[in-house]
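A.B. asks: Can you read through this structure? Questions will come right after.
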Amino acid sequence: MAGETRESVPRVEGPLSWVDASLVTVVVASTAVVVASGLVQVSFGAFTMSIGAAWAAVFDPLVWTNPQVLLRLFLGEGIGNAVASALGVSTAAVDLPKETLIVWQIRMPRVIVGALVGANLAVSGAVFQAVTRNELASPFILGVSAGAGLAILLTLIVFTGLAALLPLVAAGGGAVAFLIVYAIAWKGGTNPVRLVLAGVIVSAVFGSIQTALFFFADDLGVVQSAIAWTTGSLTGVDWEQVRTALPWTFVALPLALVGSRQLNVLLLGERTAKSLGMSVERVRFALSAVAVLAAGTAIAVAGVVGFVGLIVPHMARQLVGSDYKRLVVACVFAGPALVTLADVGARLALSPAQLPVGIVTGLIGGPYFLYLMRKRDGLGDL
Amino acid sequence: MSDGDPRGDGGETVEPPAATETAEPTTERGSEAESGGDRTAGTPAETSDSPHLSVRDVALSYGDGEPVVEAERLEVPAGEITALIGPNGSGKSTLLKAIDAELSPDRGAVTFDGRDVEEFGTTELARRLGLLSQEHDSPGSTTVRELVTHGRYPHRGFFERLTETDHRAVDRAIERVGVEHLADRPMGDLSGGQGQLAWLAMVLAQETDALLLDEPTTFLDLHHQLRVLDAVRELNEEHGVTVCVVLHDIGQAARFADNLIALRDGEPYEWGPPDEVITERLLRDVFGVEAEVGFGPDGPRITPRRAVDD
């Protein structure tokens, strides 16, 4: 064969050979958006400071040169000190200026949690879009949001004793709903259509029960709290939420990246995937579980933030293509960009009142699909 | 390929004919620069016999329904090309699913190289038996090379990177079907025929010693039909790969295959070399067509006259 000599040159294949210009652009642009939104976010509040002052506080050398400060913030007082001493770092208290203290102690968590929520939801949506082979799937397509919503309402209204465990209950409710969906869809195996239909069934029933429960709420505060949870809000998040989300994020996102080759093969059609030796059912369930873990992580700290998991993978696909390795990485960066930007909107739109961030993501999501519908004639054709 | 009479007349088990020996002895890798190097990894030539597929007393159905296919005995002889023919709904694709272990028979078994296909692990089977299905789909932005690389899936561990062997297999497959010039183009830009060649390359990159092809030429223009069939024929002749292919065009099947299996209503009507299978009676009984069958230089020639109802 003619071309053989050309191929005898050993191919240079570094571990990052799949990174291309479009991905780098997405990563850099998204990071810029996160930093910019973060700076705006931390400069607002009861104690208003200029963007310049906020910048100075975020990059205060006292924070960055004393690792114990960051360790204590990210890991909590006890573990942070333990890790610091294990690493041989001083555990001495550091006197921080007022601005730095306000930004780091009170305002940064909101930006960090927003970024974690965005990354988890975007990756979760990307995985579900491959699993259901439907580019309009979201992390909540298999009943996760309905299960979480119902669990939240039950906790706030019926089992009020569990209120302290609300984040855990919410994520757990989502996972349980997902398992019910899978059980309903299972008949010697599943397929994307059966899964989506089962998701619709469970979401409809759980949604109705959830709405019914609102009637039994006798306190406006409870209703507001329930709405904040079921639309998703970053108001009032703390380092506690960062510590809750961080470990699970570090489990779910790498797993999704590792699964990217499986996702790519799954996209070739079930029969092809099987003929290539994939155990389709096992892989599909495992990947769905990873996606539910990511969605559950986001729910536990911010409630059910809609549209992020739907639009971010969709946008990312337009920019970097459908290869899942690139797509997952793009989502890890673009998700935080959308959520932190939307959260700036949530804070500033009706200032001083604050909206749940989920309302803003919904307001962004609708027009995005209107734009897509106008631009692409084929969208929505069956 | 003339001795390929796969029929076990009566009931006694006739050993399928041995694989057609591949021409040259296989040289190990390393000398590929001058030999062209485009041989299949672990070619059957190295072990001297290709696997044969046989179907024993099977009944196939979907769910709890009536059997769609019932066959007492069918052989896909080693190292030869066997075409499944029959009208729509005669059970060709169903039979192919059983051969690929996608459909579990209600009774009986399909054996691959003497072993029940259902006993194979999924990866193990995928390394030895490739399938080009009709129901395939790829994201439009996937390039031909990326698609073909997926053919290496069964050969890679969960965390394994592409090895030099994988890259070579991908290059060979791309060259064999002649899509080098399209290798970096996205699938969404290709015509139907070019796309089908890319899919064939993906299956060839799997480097299996048997291939199942489900209507690989349907909907293609004549040029691409021949490109697909030529690539398969070449692979069969050079490496003795066993091929089982569903074809819609009887004339094409007769010219292309060493053996035909004609199915009617889920049962084998006749099987054997094209000369013996293609008869006016078969065309009437199986396909509902009145036709004249003549003899051309490359097998039977069919001139359809009119459709008949029975």
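FYI, nothing fancy with the structure tokens labels: chains A, B, ... in order, residues from 1 per chain, ligands from 1 as they appear.
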Please find the residues of chain B near chain A - the criterion being any atom within 9 Å, counting only C-alpha atoms - and write them as a PyMOL selection string.
C.D. replies: chain B and resi 32-38+100+102+121-127+129-142+146-147+150-154+158-159+161-162+164+167-168+171-172+175-176+180+203+206
A.B. asks: Can you list, as JSON, numbers by chain, every residue of stretch 109-175 of chain B that DSSP puts in strand (DSSP E or B)?
C.D. replies: {"B": [109, 110, 111, 112, 115, 116, 129, 130, 131, 132, 143]}
A.B. asks: Please compute the atom CA of B:Ile278-atom CA of B:Ile81 distance, one decimal, in Å.
C.D. replies: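 Atom CA of B:Ile81 lies at a distance of 16.1 Å from atom CA of B:Ile278.
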A.B. asks: Give me the residues near B:Val245 as a PyMOL selection string, where near means some atom within 9 Å (using only C-alpha atoms) and where sequence neighbours in that chain fewer than 3 positions away do not count.
C.D. replies: chain B and resi 81-85+96+211-216+253+257
A.B. asks: Keeping only C-alpha atoms, write the selected residues to a file as an mmCIF file, in the first residue's frame.
C.D. replies:
data_model
loop_
_atom_site.group_PDB
_atom_site.id
_atom_site.type_symbol
_atom_site.label_atom_id
_atom_site.label_comp_id
_atom_site.auth_asym_id
_atom_site.auth_seq_id
_atom_site.Cartn_x
_atom_site.Cartn_y
_atom_site.Cartn_z
ATOM 1 C CA ILE B 81 -17.932 -15.385 1.895
ATOM 2 C CA THR B 82 -21.491 -16.414 2.608
ATOM 3 C CA ALA B 83 -24.429 -14.205 1.688
ATOM 4 C CA LEU B 84 -27.830 -14.331 3.351
ATOM 5 C CA ILE B 85 -30.545 -13.539 0.856
ATOM 6 C CA LEU B 96 -27.413 -12.256 11.948
ATOM 7 C CA LEU B 211 -17.031 -10.312 9.776
ATOM 8 C CA LEU B 212 -20.793 -9.885 9.794
ATOM 9 C CA LEU B 213 -22.186 -7.246 7.471
ATOM 10 C CA ASP B 214 -25.844 -6.258 7.609
ATOM 11 C CA GLU B 215 -26.872 -4.902 4.207
ATOM 12 C CA PRO B 216 -23.646 -2.976 3.721
ATOM 13 C CA ALA B 253 -24.939 -11.729 -3.888
ATOM 14 C CA ALA B 257 -20.380 -14.644 -2.445
#
A.B. asks: DSSP on the backbone, then: every residue of stretch 250-354 of chain A marked alpha helix (DSSP H), written as a PyMOL selection string.
C.D. replies: chain A and resi 250-258+260-266+270-275+280-302+308-320+324-348
A.B. asks: Rounded to one decimal place, report the atom CA of A:Tyr182-atom CA of A:Ser288 distance in Å.
C.D. replies: 9.9 Å
A.B. asks: What is the atom CA of B:Leu200-atom CA of B:Asp275 distance in Å, reported with one decimal?
C.D. replies: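 These atoms are spaced 28.3 Å apart.
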A.B. asks: Skip B:Thr218 itself and residues of its chain fewer than 3 positions away, then list as a list in words all residues within 9 Å of it, counting only C-alpha atoms.
C.D. replies: Glu215, Asp221, Gln225, Leu247, His248 and Asp249 of chain B
A.B. asks: So that I can check the surroundings of A:Ala163, please list as number ranges by chain every protein, DNA and RNA residue that reaches within 12 Å of it, counting only C-alpha atoms and ignoring chain neighbours fewer than 4 positions away.
C.D. replies: A: 151-159, 167-170, 222, 225-226
A.B. asks: Keeping only N, CA and C atoms, take the residues you just selected and write them out as a PDB file, in the first residue's frame.
C.D. replies:
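Result went into part_27.pdb, see below:
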ATOM      1  N   ALA A 151     -38.300  15.283  48.140  1.00  0.00           N
ATOM      2  CA  ALA A 151     -37.610  15.060  49.418  1.00  0.00           C
ATOM      3  C   ALA A 151     -37.506  16.366  50.197  1.00  0.00           C
ATOM      4  N   ILE A 152     -37.247  17.463  49.481  1.00  0.00           N
ATOM      5  CA  ILE A 152     -37.134  18.768  50.148  1.00  0.00           C
ATOM      6  C   ILE A 152     -38.469  19.159  50.792  1.00  0.00           C
ATOM      7  N   LEU A 153     -39.538  19.029  50.025  1.00  0.00           N
ATOM      8  CA  LEU A 153     -40.854  19.388  50.558  1.00  0.00           C
ATOM      9  C   LEU A 153     -41.242  18.508  51.747  1.00  0.00           C
ATOM     10  N   LEU A 154     -40.979  17.208  51.621  1.00  0.00           N
ATOM     11  CA  LEU A 154     -41.303  16.297  52.715  1.00  0.00           C
ATOM     12  C   LEU A 154     -40.536  16.689  53.972  1.00  0.00           C
ATOM     13  N   THR A 155     -39.271  17.051  53.801  1.00  0.00           N
ATOM     14  CA  THR A 155     -38.456  17.417  54.955  1.00  0.00           C
ATOM     15  C   THR A 155     -38.969  18.710  55.591  1.00  0.00           C
ATOM     16  N   LEU A 156     -39.294  19.690  54.745  1.00  0.00           N
ATOM     17  CA  LEU A 156     -39.688  20.992  55.291  1.00  0.00           C
ATOM     18  C   LEU A 156     -41.073  20.962  55.919  1.00  0.00           C
ATOM     19  N   ILE A 157     -41.937  20.082  55.424  1.00  0.00           N
ATOM     20  CA  ILE A 157     -43.325  20.136  55.860  1.00  0.00           C
ATOM     21  C   ILE A 157     -43.726  18.961  56.750  1.00  0.00           C
ATOM     22  N   VAL A 158     -43.263  17.762  56.384  1.00  0.00           N
ATOM     23  CA  VAL A 158     -43.695  16.596  57.157  1.00  0.00           C
ATOM     24  C   VAL A 158     -42.650  16.199  58.194  1.00  0.00           C
ATOM     25  N   PHE A 159     -41.441  15.889  57.710  1.00  0.00           N
ATOM     26  CA  PHE A 159     -40.413  15.395  58.637  1.00  0.00           C
ATOM     27  C   PHE A 159     -39.505  16.544  59.047  1.00  0.00           C
ATOM     28  N   PRO A 167     -29.703  19.063  52.895  1.00  0.00           N
ATOM     29  CA  PRO A 167     -28.909  18.862  51.677  1.00  0.00           C
ATOM     30  C   PRO A 167     -28.766  17.384  51.324  1.00  0.00           C
ATOM     31  N   LEU A 168     -28.495  16.601  52.381  1.00  0.00           N
ATOM     32  CA  LEU A 168     -28.294  15.168  52.171  1.00  0.00           C
ATOM     33  C   LEU A 168     -29.582  14.496  51.715  1.00  0.00           C
ATOM     34  N   VAL A 169     -30.690  14.888  52.349  1.00  0.00           N
ATOM     35  CA  VAL A 169     -31.985  14.318  52.008  1.00  0.00           C
ATOM     36  C   VAL A 169     -32.346  14.655  50.553  1.00  0.00           C
ATOM     37  N   ALA A 170     -32.062  15.904  50.163  1.00  0.00           N
ATOM     38  CA  ALA A 170     -32.376  16.332  48.797  1.00  0.00           C
ATOM     39  C   ALA A 170     -31.611  15.495  47.780  1.00  0.00           C
ATOM     40  N   VAL A 222     -41.534  28.777  55.271  1.00  0.00           N
ATOM     41  CA  VAL A 222     -41.310  27.420  54.787  1.00  0.00           C
ATOM     42  C   VAL A 222     -41.474  27.367  53.269  1.00  0.00           C
ATOM     43  N   SER A 225     -38.549  29.014  51.610  1.00  0.00           N
ATOM     44  CA  SER A 225     -37.392  28.130  51.699  1.00  0.00           C
ATOM     45  C   SER A 225     -37.512  26.997  50.684  1.00  0.00           C
ATOM     46  N   ALA A 226     -38.743  26.448  50.572  1.00  0.00           N
ATOM     47  CA  ALA A 226     -38.962  25.361  49.615  1.00  0.00           C
ATOM     48  C   ALA A 226     -38.733  25.839  48.189  1.00  0.00           C
TER      49      ALA A 226
END
A.B. asks: Go through A:Leu246, A:Val344, A:Ala84, A:Val332 one by one, measure the shortest atom-to-atom distance of each to A:Val42 using only C-alpha atoms, and give the residue with the smallest value.
C.D. replies: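 Among the listed residues, A:Val344 lies closest to A:Val42.
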